[in-house]
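Read through the structure below, which is laid out as structure tokens, and then see the notes.
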Amino acid sequence: MDIRDYIDKNLNSEIETDEYISRISSQYSFLPKQQKKLARYILSHQDEVIHSSITTLSRKTNIAASTITRFCQSLSYSGFSEMKFHMSQRKLPKNEDTLITKNDSLDMVVQKLLKTGTMCFSETLRMIDFKQLKEIVHVLQNARMIHIYGQSSSYISSLYGQQMLMLAGILSQAYNDIVDMKVAAHRLTPQDVVVGSAYSGEAKSINAPLLIAKKAGATIIAITSAPDSTLAKLADYVLYYNHDIPDDLHYMFLPNICEITIWGIIQSALFLADPAGFNPSKKAILSNRM
């Protein structure tokens with residue numbers, strides 16, 4: 001069966017025009033046999049794939065994780081996480097009913113913020129690539145030095161990240177001044193790690209020092225909502241959060257919540273990898289309580 005016939009038979013007309021489906025359709029005839037099998041599975045189990053890790057999908061399809069990654073790259077995605085990000089966009093509710101207007105009461109504003117915030121938090125958790133997360137934990141545990149770069153509100157979440165790493169027994173340094181970041185980046189080596197955060201992924205004040213760090217051989221970890229951004233392309237590892245946040249001042253705190261959520265997940269993963277590493281922090285916290 002031709003892939004277009006398969007799409008027509010198995011998918012409803014509302015989602016036929018999705019970008020990732022178009023990519024699969026255009027590349028299908030060039031794919032190896034295993035990747036064609038994977039393409040058909042993804043098209044038939046889209047909701048399931050969106051909520052699966054690459055390991056889970058590998059087990060369910062009996063297709064190697066490396067083959068899944070190659071399949072995603074053949075569609076011009078950086079990997080499984082980015083493909084899932086694009087797939088998840090069709091699942092998001094429309095923003096019209098959550099946008100705040102001048103006629104809204106305070107109670108209504110709170111309800112809309114709650115609805116949008118809950119959606120952002122939920123989608124961010126669904127987008128975590130657990131394979132990358134495990135690799136990031138290993139990288140952080142073995143780094144000689146860790147820098148965290150953030151500008152404006154992302155600097156607040158960077159400071160939070162510094163605190164969460166410290167509680168997990170890992171020291172780091174957060175920076176927000178572009179000159180300081182550039183000076184610090186020039187001191188990095190291949191044994192060091194830099195974490196950069198930016199909602200759009202196009203903040204020059206973050207990408208410029210990250211480029212210096214990359215040239216120095218440091219490992220780059222990005223926290224962003226934008227898969228095709230400069231920040232994501234600079235990074236060795238990317239943890240994505242929800243991109244469907246209204247462009248309105250009322251909602252400017254939501255990217256920070258998403259970034260802090262990701263730092264919380266990193267901290268939990270570090271605790272699981274080294275439970276004893278939390279003991280000194282736990283003792284220090286308890287000793288300060290009455």
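Residues in the structure tokens are numbered from 1 in each chain, the chains being A, B, ... in the order shown, and ligands are numbered from 1 in the order shown.
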
Based on the backbone DSSP call, show me all residues of stretch 95-236 of chain A assigned helix (DSSP H, G or I), as a PDB file with N, CA, C and O atoms, in the first residue's frame.
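Result written to part-v1.pdb:
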ATOM      1  N   GLU A  96      -7.491  30.685  22.153  1.00  0.00           N
ATOM      2  CA  GLU A  96      -8.493  31.734  22.153  1.00  0.00           C
ATOM      3  C   GLU A  96      -9.277  31.813  23.465  1.00  0.00           C
ATOM      4  O   GLU A  96      -9.582  32.892  23.961  1.00  0.00           O
ATOM      5  N   ASP A  97      -9.622  30.642  24.018  1.00  0.00           N
ATOM      6  CA  ASP A  97     -10.456  30.650  25.210  1.00  0.00           C
ATOM      7  C   ASP A  97      -9.671  30.881  26.492  1.00  0.00           C
ATOM      8  O   ASP A  97     -10.248  30.946  27.577  1.00  0.00           O
ATOM      9  N   THR A  98      -8.341  30.995  26.407  1.00  0.00           N
ATOM     10  CA  THR A  98      -7.543  31.257  27.604  1.00  0.00           C
ATOM     11  C   THR A  98      -6.853  32.619  27.562  1.00  0.00           C
ATOM     12  O   THR A  98      -6.176  32.982  28.513  1.00  0.00           O
ATOM     13  N   LEU A 106     -10.819  39.626  37.932  1.00  0.00           N
ATOM     14  CA  LEU A 106      -9.615  39.019  38.504  1.00  0.00           C
ATOM     15  C   LEU A 106      -9.793  37.514  38.654  1.00  0.00           C
ATOM     16  O   LEU A 106      -8.857  36.739  38.395  1.00  0.00           O
ATOM     17  N   ASP A 107     -10.984  37.098  39.052  1.00  0.00           N
ATOM     18  CA  ASP A 107     -11.262  35.673  39.184  1.00  0.00           C
ATOM     19  C   ASP A 107     -11.091  34.964  37.847  1.00  0.00           C
ATOM     20  O   ASP A 107     -10.520  33.876  37.774  1.00  0.00           O
ATOM     21  N   MET A 108     -11.589  35.592  36.765  1.00  0.00           N
ATOM     22  CA  MET A 108     -11.462  35.004  35.436  1.00  0.00           C
ATOM     23  C   MET A 108     -10.004  34.951  34.999  1.00  0.00           C
ATOM     24  O   MET A 108      -9.551  33.965  34.397  1.00  0.00           O
ATOM     25  N   VAL A 109      -9.236  35.995  35.300  1.00  0.00           N
ATOM     26  CA  VAL A 109      -7.812  36.012  34.966  1.00  0.00           C
ATOM     27  C   VAL A 109      -7.085  34.853  35.644  1.00  0.00           C
ATOM     28  O   VAL A 109      -6.290  34.143  35.028  1.00  0.00           O
ATOM     29  N   VAL A 110      -7.383  34.655  36.917  1.00  0.00           N
ATOM     30  CA  VAL A 110      -6.756  33.564  37.666  1.00  0.00           C
ATOM     31  C   VAL A 110      -7.109  32.216  37.045  1.00  0.00           C
ATOM     32  O   VAL A 110      -6.237  31.343  36.894  1.00  0.00           O
ATOM     33  N   GLN A 111      -8.351  32.032  36.656  1.00  0.00           N
ATOM     34  CA  GLN A 111      -8.787  30.775  36.055  1.00  0.00           C
ATOM     35  C   GLN A 111      -8.063  30.525  34.728  1.00  0.00           C
ATOM     36  O   GLN A 111      -7.644  29.409  34.425  1.00  0.00           O
ATOM     37  N   LYS A 112      -7.903  31.573  33.928  1.00  0.00           N
ATOM     38  CA  LYS A 112      -7.221  31.430  32.640  1.00  0.00           C
ATOM     39  C   LYS A 112      -5.733  31.139  32.825  1.00  0.00           C
ATOM     40  O   LYS A 112      -5.145  30.322  32.103  1.00  0.00           O
ATOM     41  N   LEU A 113      -5.115  31.816  33.801  1.00  0.00           N
ATOM     42  CA  LEU A 113      -3.707  31.552  34.077  1.00  0.00           C
ATOM     43  C   LEU A 113      -3.508  30.117  34.563  1.00  0.00           C
ATOM     44  O   LEU A 113      -2.539  29.448  34.186  1.00  0.00           O
ATOM     45  N   LEU A 114      -4.425  29.654  35.396  1.00  0.00           N
ATOM     46  CA  LEU A 114      -4.347  28.294  35.906  1.00  0.00           C
ATOM     47  C   LEU A 114      -4.466  27.284  34.776  1.00  0.00           C
ATOM     48  O   LEU A 114      -3.703  26.311  34.704  1.00  0.00           O
ATOM     49  N   LYS A 115      -5.420  27.519  33.881  1.00  0.00           N
ATOM     50  CA  LYS A 115      -5.625  26.591  32.770  1.00  0.00           C
ATOM     51  C   LYS A 115      -4.401  26.550  31.859  1.00  0.00           C
ATOM     52  O   LYS A 115      -3.922  25.469  31.493  1.00  0.00           O
ATOM     53  N   THR A 116      -3.886  27.719  31.497  1.00  0.00           N
ATOM     54  CA  THR A 116      -2.721  27.777  30.611  1.00  0.00           C
ATOM     55  C   THR A 116      -1.484  27.210  31.305  1.00  0.00           C
ATOM     56  O   THR A 116      -0.704  26.462  30.705  1.00  0.00           O
ATOM     57  N   GLY A 117      -1.294  27.559  32.578  1.00  0.00           N
ATOM     58  CA  GLY A 117      -0.144  27.059  33.318  1.00  0.00           C
ATOM     59  C   GLY A 117      -0.165  25.557  33.476  1.00  0.00           C
ATOM     60  O   GLY A 117       0.870  24.889  33.342  1.00  0.00           O
ATOM     61  N   THR A 118      -1.328  24.992  33.748  1.00  0.00           N
ATOM     62  CA  THR A 118      -1.454  23.536  33.885  1.00  0.00           C
ATOM     63  C   THR A 118      -1.107  22.836  32.583  1.00  0.00           C
ATOM     64  O   THR A 118      -0.414  21.812  32.568  1.00  0.00           O
ATOM     65  N   MET A 119      -1.579  23.401  31.465  1.00  0.00           N
ATOM     66  CA  MET A 119      -1.277  22.828  30.165  1.00  0.00           C
ATOM     67  C   MET A 119       0.222  22.871  29.874  1.00  0.00           C
ATOM     68  O   MET A 119       0.813  21.892  29.419  1.00  0.00           O
ATOM     69  N   CYS A 120       0.868  24.018  30.181  1.00  0.00           N
ATOM     70  CA  CYS A 120       2.313  24.152  29.935  1.00  0.00           C
ATOM     71  C   CYS A 120       3.108  23.155  30.766  1.00  0.00           C
ATOM     72  O   CYS A 120       4.039  22.512  30.276  1.00  0.00           O
ATOM     73  N   PHE A 121       2.734  23.031  32.033  1.00  0.00           N
ATOM     74  CA  PHE A 121       3.425  22.111  32.937  1.00  0.00           C
ATOM     75  C   PHE A 121       3.271  20.673  32.450  1.00  0.00           C
ATOM     76  O   PHE A 121       4.233  19.915  32.375  1.00  0.00           O
ATOM     77  N   SER A 122       2.067  20.300  32.079  1.00  0.00           N
ATOM     78  CA  SER A 122       1.776  18.944  31.634  1.00  0.00           C
ATOM     79  C   SER A 122       2.529  18.601  30.360  1.00  0.00           C
ATOM     80  O   SER A 122       3.153  17.536  30.243  1.00  0.00           O
ATOM     81  N   GLU A 123       2.495  19.506  29.390  1.00  0.00           N
ATOM     82  CA  GLU A 123       3.166  19.238  28.116  1.00  0.00           C
ATOM     83  C   GLU A 123       4.681  19.195  28.285  1.00  0.00           C
ATOM     84  O   GLU A 123       5.360  18.419  27.621  1.00  0.00           O
ATOM     85  N   THR A 124       5.224  20.008  29.186  1.00  0.00           N
ATOM     86  CA  THR A 124       6.668  19.988  29.437  1.00  0.00           C
ATOM     87  C   THR A 124       7.093  18.627  29.987  1.00  0.00           C
ATOM     88  O   THR A 124       8.102  18.053  29.549  1.00  0.00           O
ATOM     89  N   LEU A 125       6.333  18.079  30.910  1.00  0.00           N
ATOM     90  CA  LEU A 125       6.653  16.764  31.466  1.00  0.00           C
ATOM     91  C   LEU A 125       6.591  15.677  30.387  1.00  0.00           C
ATOM     92  O   LEU A 125       7.406  14.757  30.374  1.00  0.00           O
ATOM     93  N   ARG A 126       5.638  15.798  29.476  1.00  0.00           N
ATOM     94  CA  ARG A 126       5.489  14.798  28.420  1.00  0.00           C
ATOM     95  C   ARG A 126       6.632  14.838  27.410  1.00  0.00           C
ATOM     96  O   ARG A 126       6.906  13.853  26.730  1.00  0.00           O
ATOM     97  N   PHE A 130      13.964  10.853  28.140  1.00  0.00           N
ATOM     98  CA  PHE A 130      14.606  10.213  29.292  1.00  0.00           C
ATOM     99  C   PHE A 130      15.989   9.661  28.964  1.00  0.00           C
ATOM    100  O   PHE A 130      16.854   9.597  29.837  1.00  0.00           O
ATOM    101  N   LYS A 131      16.203   9.279  27.715  1.00  0.00           N
ATOM    102  CA  LYS A 131      17.540   8.814  27.324  1.00  0.00           C
ATOM    103  C   LYS A 131      18.534   9.971  27.446  1.00  0.00           C
ATOM    104  O   LYS A 131      19.624   9.808  28.004  1.00  0.00           O
ATOM    105  N   GLN A 132      18.151  11.137  26.917  1.00  0.00           N
ATOM    106  CA  GLN A 132      19.024  12.303  27.038  1.00  0.00           C
ATOM    107  C   GLN A 132      19.199  12.713  28.492  1.00  0.00           C
ATOM    108  O   GLN A 132      20.280  13.122  28.910  1.00  0.00           O
ATOM    109  N   LEU A 133      18.127  12.618  29.269  1.00  0.00           N
ATOM    110  CA  LEU A 133      18.197  13.007  30.674  1.00  0.00           C
ATOM    111  C   LEU A 133      19.236  12.176  31.418  1.00  0.00           C
ATOM    112  O   LEU A 133      20.026  12.712  32.206  1.00  0.00           O
ATOM    113  N   LYS A 134      19.263  10.876  31.179  1.00  0.00           N
ATOM    114  CA  LYS A 134      20.248  10.007  31.820  1.00  0.00           C
ATOM    115  C   LYS A 134      21.668  10.403  31.405  1.00  0.00           C
ATOM    116  O   LYS A 134      22.588  10.403  32.224  1.00  0.00           O
ATOM    117  N   GLU A 135      21.841  10.729  30.140  1.00  0.00           N
ATOM    118  CA  GLU A 135      23.163  11.138  29.657  1.00  0.00           C
ATOM    119  C   GLU A 135      23.568  12.478  30.271  1.00  0.00           C
ATOM    120  O   GLU A 135      24.738  12.683  30.622  1.00  0.00           O
ATOM    121  N   ILE A 136      22.608  13.380  30.416  1.00  0.00           N
ATOM    122  CA  ILE A 136      22.885  14.681  31.025  1.00  0.00           C
ATOM    123  C   ILE A 136      23.318  14.513  32.482  1.00  0.00           C
ATOM    124  O   ILE A 136      24.250  15.173  32.948  1.00  0.00           O
ATOM    125  N   VAL A 137      22.652  13.627  33.207  1.00  0.00           N
ATOM    126  CA  VAL A 137      23.030  13.350  34.592  1.00  0.00           C
ATOM    127  C   VAL A 137      24.476  12.871  34.664  1.00  0.00           C
ATOM    128  O   VAL A 137      25.258  13.337  35.507  1.00  0.00           O
ATOM    129  N   HIS A 138      24.841  11.964  33.776  1.00  0.00           N
ATOM    130  CA  HIS A 138      26.220  11.448  33.749  1.00  0.00           C
ATOM    131  C   HIS A 138      27.205  12.573  33.454  1.00  0.00           C
ATOM    132  O   HIS A 138      28.269  12.670  34.096  1.00  0.00           O
ATOM    133  N   VAL A 139      26.864  13.426  32.499  1.00  0.00           N
ATOM    134  CA  VAL A 139      27.735  14.541  32.127  1.00  0.00           C
ATOM    135  C   VAL A 139      27.921  15.499  33.301  1.00  0.00           C
ATOM    136  O   VAL A 139      29.045  15.931  33.602  1.00  0.00           O
ATOM    137  N   LEU A 140      26.831  15.836  33.988  1.00  0.00           N
ATOM    138  CA  LEU A 140      26.913  16.762  35.124  1.00  0.00           C
ATOM    139  C   LEU A 140      27.716  16.181  36.280  1.00  0.00           C
ATOM    140  O   LEU A 140      28.488  16.881  36.937  1.00  0.00           O
ATOM    141  N   GLN A 141      27.537  14.884  36.530  1.00  0.00           N
ATOM    142  CA  GLN A 141      28.248  14.240  37.630  1.00  0.00           C
ATOM    143  C   GLN A 141      29.760  14.190  37.400  1.00  0.00           C
ATOM    144  O   GLN A 141      30.536  14.155  38.358  1.00  0.00           O
ATOM    145  N   SER A 153      14.669  37.023  32.826  1.00  0.00           N
ATOM    146  CA  SER A 153      13.935  36.102  33.695  1.00  0.00           C
ATOM    147  C   SER A 153      14.529  34.699  33.699  1.00  0.00           C
ATOM    148  O   SER A 153      14.404  33.971  34.685  1.00  0.00           O
ATOM    149  N   SER A 154      15.195  34.315  32.600  1.00  0.00           N
ATOM    150  CA  SER A 154      15.829  32.990  32.565  1.00  0.00           C
ATOM    151  C   SER A 154      16.995  32.903  33.548  1.00  0.00           C
ATOM    152  O   SER A 154      17.403  31.808  33.933  1.00  0.00           O
ATOM    153  N   TYR A 155      17.541  34.063  33.924  1.00  0.00           N
ATOM    154  CA  TYR A 155      18.602  34.062  34.938  1.00  0.00           C
ATOM    155  C   TYR A 155      18.053  33.629  36.292  1.00  0.00           C
ATOM    156  O   TYR A 155      18.748  32.990  37.080  1.00  0.00           O
ATOM    157  N   ILE A 156      16.788  33.971  36.559  1.00  0.00           N
ATOM    158  CA  ILE A 156      16.161  33.558  37.816  1.00  0.00           C
ATOM    159  C   ILE A 156      16.080  32.034  37.887  1.00  0.00           C
ATOM    160  O   ILE A 156      16.420  31.426  38.907  1.00  0.00           O
ATOM    161  N   SER A 157      15.650  31.416  36.799  1.00  0.00           N
ATOM    162  CA  SER A 157      15.589  29.955  36.789  1.00  0.00           C
ATOM    163  C   SER A 157      16.996  29.351  36.777  1.00  0.00           C
ATOM    164  O   SER A 157      17.204  28.252  37.286  1.00  0.00           O
ATOM    165  N   SER A 158      17.972  30.084  36.220  1.00  0.00           N
ATOM    166  CA  SER A 158      19.356  29.609  36.260  1.00  0.00           C
ATOM    167  C   SER A 158      19.883  29.586  37.692  1.00  0.00           C
ATOM    168  O   SER A 158      20.582  28.651  38.101  1.00  0.00           O
ATOM    169  N   LEU A 159      19.552  30.632  38.458  1.00  0.00           N
ATOM    170  CA  LEU A 159      19.933  30.646  39.871  1.00  0.00           C
ATOM    171  C   LEU A 159      19.266  29.502  40.625  1.00  0.00           C
ATOM    172  O   LEU A 159      19.869  28.878  41.505  1.00  0.00           O
ATOM    173  N   TYR A 160      18.026  29.240  40.275  1.00  0.00           N
ATOM    174  CA  TYR A 160      17.316  28.121  40.889  1.00  0.00           C
ATOM    175  C   TYR A 160      18.005  26.808  40.532  1.00  0.00           C
ATOM    176  O   TYR A 160      18.149  25.922  41.380  1.00  0.00           O
ATOM    177  N   GLY A 161      18.447  26.702  39.274  1.00  0.00           N
ATOM    178  CA  GLY A 161      19.174  25.511  38.844  1.00  0.00           C
ATOM    179  C   GLY A 161      20.470  25.327  39.614  1.00  0.00           C
ATOM    180  O   GLY A 161      20.834  24.215  40.007  1.00  0.00           O
ATOM    181  N   GLN A 162      21.176  26.441  39.840  1.00  0.00           N
ATOM    182  CA  GLN A 162      22.412  26.383  40.631  1.00  0.00           C
ATOM    183  C   GLN A 162      22.128  25.846  42.032  1.00  0.00           C
ATOM    184  O   GLN A 162      22.876  25.002  42.551  1.00  0.00           O
ATOM    185  N   GLN A 163      21.041  26.331  42.639  1.00  0.00           N
ATOM    186  CA  GLN A 163      20.665  25.875  43.978  1.00  0.00           C
ATOM    187  C   GLN A 163      20.304  24.390  43.983  1.00  0.00           C
ATOM    188  O   GLN A 163      20.709  23.643  44.890  1.00  0.00           O
ATOM    189  N   MET A 164      19.581  23.944  42.974  1.00  0.00           N
ATOM    190  CA  MET A 164      19.144  22.546  42.927  1.00  0.00           C
ATOM    191  C   MET A 164      20.316  21.600  42.681  1.00  0.00           C
ATOM    192  O   MET A 164      20.362  20.503  43.235  1.00  0.00           O
ATOM    193  N   LEU A 165      21.274  22.031  41.877  1.00  0.00           N
ATOM    194  CA  LEU A 165      22.472  21.223  41.683  1.00  0.00           C
ATOM    195  C   LEU A 165      23.274  21.126  42.983  1.00  0.00           C
ATOM    196  O   LEU A 165      23.795  20.064  43.328  1.00  0.00           O
ATOM    197  N   MET A 166      23.350  22.244  43.718  1.00  0.00           N
ATOM    198  CA  MET A 166      24.094  22.239  44.976  1.00  0.00           C
ATOM    199  C   MET A 166      23.476  21.261  45.972  1.00  0.00           C
ATOM    200  O   MET A 166      24.188  20.523  46.669  1.00  0.00           O
ATOM    201  N   LEU A 167      22.144  21.227  46.050  1.00  0.00           N
ATOM    202  CA  LEU A 167      21.480  20.289  46.949  1.00  0.00           C
ATOM    203  C   LEU A 167      21.744  18.841  46.551  1.00  0.00           C
ATOM    204  O   LEU A 167      21.691  17.943  47.384  1.00  0.00           O
ATOM    205  N   ILE A 178      26.529  39.448  29.944  1.00  0.00           N
ATOM    206  CA  ILE A 178      27.119  38.885  28.724  1.00  0.00           C
ATOM    207  C   ILE A 178      28.641  38.955  28.746  1.00  0.00           C
ATOM    208  O   ILE A 178      29.320  38.032  28.272  1.00  0.00           O
ATOM    209  N   VAL A 179      29.201  40.027  29.315  1.00  0.00           N
ATOM    210  CA  VAL A 179      30.664  40.126  29.391  1.00  0.00           C
ATOM    211  C   VAL A 179      31.214  39.049  30.316  1.00  0.00           C
ATOM    212  O   VAL A 179      32.186  38.354  29.984  1.00  0.00           O
ATOM    213  N   ASP A 180      30.586  38.889  31.485  1.00  0.00           N
ATOM    214  CA  ASP A 180      31.019  37.858  32.422  1.00  0.00           C
ATOM    215  C   ASP A 180      30.906  36.465  31.791  1.00  0.00           C
ATOM    216  O   ASP A 180      31.785  35.615  31.971  1.00  0.00           O
ATOM    217  N   MET A 181      29.810  36.236  31.060  1.00  0.00           N
ATOM    218  CA  MET A 181      29.638  34.931  30.424  1.00  0.00           C
ATOM    219  C   MET A 181      30.727  34.666  29.394  1.00  0.00           C
ATOM    220  O   MET A 181      31.257  33.557  29.303  1.00  0.00           O
ATOM    221  N   LYS A 182      31.066  35.681  28.616  1.00  0.00           N
ATOM    222  CA  LYS A 182      32.107  35.499  27.601  1.00  0.00           C
ATOM    223  C   LYS A 182      33.467  35.261  28.242  1.00  0.00           C
ATOM    224  O   LYS A 182      34.239  34.389  27.803  1.00  0.00           O
ATOM    225  N   VAL A 183      33.772  36.024  29.280  1.00  0.00           N
ATOM    226  CA  VAL A 183      35.050  35.832  29.990  1.00  0.00           C
ATOM    227  C   VAL A 183      35.118  34.425  30.576  1.00  0.00           C
ATOM    228  O   VAL A 183      36.129  33.718  30.440  1.00  0.00           O
ATOM    229  N   ALA A 184      34.032  34.011  31.235  1.00  0.00           N
ATOM    230  CA  ALA A 184      33.994  32.684  31.838  1.00  0.00           C
ATOM    231  C   ALA A 184      34.088  31.591  30.784  1.00  0.00           C
ATOM    232  O   ALA A 184      34.765  30.575  30.983  1.00  0.00           O
ATOM    233  N   ALA A 185      33.411  31.783  29.654  1.00  0.00           N
ATOM    234  CA  ALA A 185      33.396  30.763  28.593  1.00  0.00           C
ATOM    235  C   ALA A 185      34.791  30.522  28.026  1.00  0.00           C
ATOM    236  O   ALA A 185      35.133  29.397  27.646  1.00  0.00           O
ATOM    237  N   LYS A 204      20.878  36.540  21.824  1.00  0.00           N
ATOM    238  CA  LYS A 204      22.293  36.693  21.446  1.00  0.00           C
ATOM    239  C   LYS A 204      23.187  36.684  22.683  1.00  0.00           C
ATOM    240  O   LYS A 204      24.331  36.215  22.634  1.00  0.00           O
ATOM    241  N   SER A 205      22.670  37.226  23.787  1.00  0.00           N
ATOM    242  CA  SER A 205      23.469  37.296  25.006  1.00  0.00           C
ATOM    243  C   SER A 205      23.772  35.916  25.583  1.00  0.00           C
ATOM    244  O   SER A 205      24.701  35.761  26.377  1.00  0.00           O
ATOM    245  N   ILE A 206      22.989  34.898  25.182  1.00  0.00           N
ATOM    246  CA  ILE A 206      23.228  33.521  25.615  1.00  0.00           C
ATOM    247  C   ILE A 206      23.998  32.758  24.554  1.00  0.00           C
ATOM    248  O   ILE A 206      24.983  32.059  24.842  1.00  0.00           O
ATOM    249  N   ASN A 207      23.598  32.897  23.315  1.00  0.00           N
ATOM    250  CA  ASN A 207      24.209  32.114  22.233  1.00  0.00           C
ATOM    251  C   ASN A 207      25.658  32.505  21.969  1.00  0.00           C
ATOM    252  O   ASN A 207      26.470  31.642  21.615  1.00  0.00           O
ATOM    253  N   ALA A 208      25.986  33.798  22.123  1.00  0.00           N
ATOM    254  CA  ALA A 208      27.367  34.243  21.870  1.00  0.00           C
ATOM    255  C   ALA A 208      28.374  33.575  22.817  1.00  0.00           C
ATOM    256  O   ALA A 208      29.367  32.998  22.366  1.00  0.00           O
ATOM    257  N   PRO A 209      28.162  33.611  24.139  1.00  0.00           N
ATOM    258  CA  PRO A 209      29.100  32.910  25.027  1.00  0.00           C
ATOM    259  C   PRO A 209      29.043  31.386  24.869  1.00  0.00           C
ATOM    260  O   PRO A 209      30.059  30.710  25.059  1.00  0.00           O
ATOM    261  N   LEU A 210      27.875  30.850  24.510  1.00  0.00           N
ATOM    262  CA  LEU A 210      27.790  29.409  24.291  1.00  0.00           C
ATOM    263  C   LEU A 210      28.636  28.990  23.094  1.00  0.00           C
ATOM    264  O   LEU A 210      29.240  27.911  23.101  1.00  0.00           O
ATOM    265  N   LEU A 211      28.682  29.827  22.079  1.00  0.00           N
ATOM    266  CA  LEU A 211      29.521  29.529  20.912  1.00  0.00           C
ATOM    267  C   LEU A 211      30.993  29.499  21.309  1.00  0.00           C
ATOM    268  O   LEU A 211      31.757  28.638  20.853  1.00  0.00           O
ATOM    269  N   ILE A 212      31.398  30.421  22.184  1.00  0.00           N
ATOM    270  CA  ILE A 212      32.778  30.423  22.703  1.00  0.00           C
ATOM    271  C   ILE A 212      33.036  29.129  23.477  1.00  0.00           C
ATOM    272  O   ILE A 212      34.084  28.486  23.314  1.00  0.00           O
ATOM    273  N   ALA A 213      32.083  28.745  24.323  1.00  0.00           N
ATOM    274  CA  ALA A 213      32.226  27.524  25.116  1.00  0.00           C
ATOM    275  C   ALA A 213      32.312  26.293  24.220  1.00  0.00           C
ATOM    276  O   ALA A 213      33.089  25.368  24.492  1.00  0.00           O
ATOM    277  N   LYS A 214      31.518  26.288  23.164  1.00  0.00           N
ATOM    278  CA  LYS A 214      31.531  25.144  22.239  1.00  0.00           C
ATOM    279  C   LYS A 214      32.884  25.031  21.535  1.00  0.00           C
ATOM    280  O   LYS A 214      33.422  23.933  21.375  1.00  0.00           O
ATOM    281  N   LYS A 215      33.427  26.162  21.124  1.00  0.00           N
ATOM    282  CA  LYS A 215      34.741  26.160  20.476  1.00  0.00           C
ATOM    283  C   LYS A 215      35.825  25.690  21.444  1.00  0.00           C
ATOM    284  O   LYS A 215      36.841  25.130  21.014  1.00  0.00           O
ATOM    285  N   THR A 230      18.687  28.648  17.271  1.00  0.00           N
ATOM    286  CA  THR A 230      20.157  28.649  17.302  1.00  0.00           C
ATOM    287  C   THR A 230      20.669  27.947  18.551  1.00  0.00           C
ATOM    288  O   THR A 230      21.650  27.194  18.499  1.00  0.00           O
ATOM    289  N   LEU A 231      20.022  28.194  19.684  1.00  0.00           N
ATOM    290  CA  LEU A 231      20.429  27.564  20.939  1.00  0.00           C
ATOM    291  C   LEU A 231      20.357  26.045  20.843  1.00  0.00           C
ATOM    292  O   LEU A 231      21.299  25.344  21.241  1.00  0.00           O
ATOM    293  N   ALA A 232      19.252  25.526  20.322  1.00  0.00           N
ATOM    294  CA  ALA A 232      19.096  24.078  20.204  1.00  0.00           C
ATOM    295  C   ALA A 232      20.146  23.478  19.274  1.00  0.00           C
ATOM    296  O   ALA A 232      20.664  22.382  19.525  1.00  0.00           O
ATOM    297  N   LYS A 233      20.477  24.187  18.214  1.00  0.00           N
ATOM    298  CA  LYS A 233      21.465  23.682  17.249  1.00  0.00           C
ATOM    299  C   LYS A 233      22.884  23.727  17.805  1.00  0.00           C
ATOM    300  O   LYS A 233      23.741  22.941  17.383  1.00  0.00           O
ATOM    301  N   LEU A 234      23.141  24.653  18.729  1.00  0.00           N
ATOM    302  CA  LEU A 234      24.467  24.734  19.356  1.00  0.00           C
ATOM    303  C   LEU A 234      24.699  23.601  20.351  1.00  0.00           C
ATOM    304  O   LEU A 234      25.835  23.216  20.611  1.00  0.00           O
TER     305      LEU A 234
END

Selection near A:His147, 8 Å with only C-alpha atoms, sequence-local residues under 5 positions removed, as a PyMOL selection string: chain A and resi 172-175+193-195

Applying 12 Å and only C-alpha atoms, which residues near A:Tyr199 remain after dropping the ones on its own chain fewer than 2 positions away? List them as number ranges by chain. A: 150-155, 157, 196-197, 201-203, 206, 222-232, 239-245, 247, 252-259

Keeping only C-alpha atoms, write the selected residues to a file as a CSV table (one decimal), in the first residue's frame.
chain,number,residue,atom,x,y,z
A,150,GLY,CA,20.6,32.9,31.6
A,151,GLN,CA,19.4,36.4,30.7
A,152,SER,CA,16.6,38.4,32.2
A,153,SER,CA,13.9,36.1,33.7
A,154,SER,CA,15.8,33.0,32.6
A,155,TYR,CA,18.6,34.1,34.9
A,157,SER,CA,15.6,30.0,36.8
A,196,GLY,CA,22.0,27.7,28.6
A,197,SER,CA,18.3,28.7,29.0
A,201,GLY,CA,16.5,30.1,21.8
A,202,GLU,CA,17.6,33.2,19.9
A,203,ALA,CA,19.0,35.4,22.8
A,206,ILE,CA,23.2,33.5,25.6
A,222,ALA,CA,20.1,23.7,26.2
A,223,ILE,CA,16.8,24.3,28.0
A,224,THR,CA,14.4,25.9,25.5
A,225,SER,CA,11.0,25.7,23.9
A,226,ALA,CA,12.3,26.1,20.3
A,227,PRO,CA,13.6,23.0,18.5
A,228,ASP,CA,14.8,24.9,15.4
A,229,SER,CA,16.5,27.7,17.3
A,230,THR,CA,20.2,28.6,17.3
A,231,LEU,CA,20.4,27.6,20.9
A,232,ALA,CA,19.1,24.1,20.2
A,239,LEU,CA,15.6,19.5,27.1
A,240,TYR,CA,12.5,21.1,25.6
A,241,TYR,CA,9.5,22.7,27.3
A,242,ASN,CA,6.1,23.8,26.0
A,243,HIS,CA,6.2,26.4,23.3
A,244,ASP,CA,2.4,27.1,23.2
A,245,ILE,CA,2.6,30.1,25.6
A,247,ASP,CA,2.7,36.2,23.7
A,252,MET,CA,5.7,35.8,31.0
A,253,PHE,CA,6.2,33.8,34.1
A,254,LEU,CA,5.3,30.5,32.5
A,255,PRO,CA,8.6,29.9,30.7
A,256,ASN,CA,10.3,30.3,34.0
A,257,ILE,CA,8.0,27.7,35.6
A,258,CYS,CA,8.8,25.3,32.8
A,259,GLU,CA,12.6,25.9,33.1

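Shortest separation to A:Met145 among A:His45, A:Arg187, A:Arg59, A:Arg70 occurs at residue A:Arg187, atoms counted being only C-alpha atoms.
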
A:Thr69 surroundings by only C-alpha atoms, 9 Å radius, close-in-sequence under 3 positions cut, as a PyMOL selection string: chain A and resi 54+64-66+72-74+77-80

Return the single residue from A:Ala39, A:Ile170, A:Ser58, A:Thr67 that is closest to A:Gly277, with distances computed using only C-alpha atoms. A:Ile170

Name the residues of stretch 86-272 of chain A that come out as strand (DSSP E or B) in a backbone DSSP run; write them as JSON, numbers by chain. {"A": [146, 147, 148, 149, 150, 173, 174, 175, 193, 194, 195, 196, 197, 198, 219, 220, 221, 222, 223, 224, 237, 238, 239, 240]}
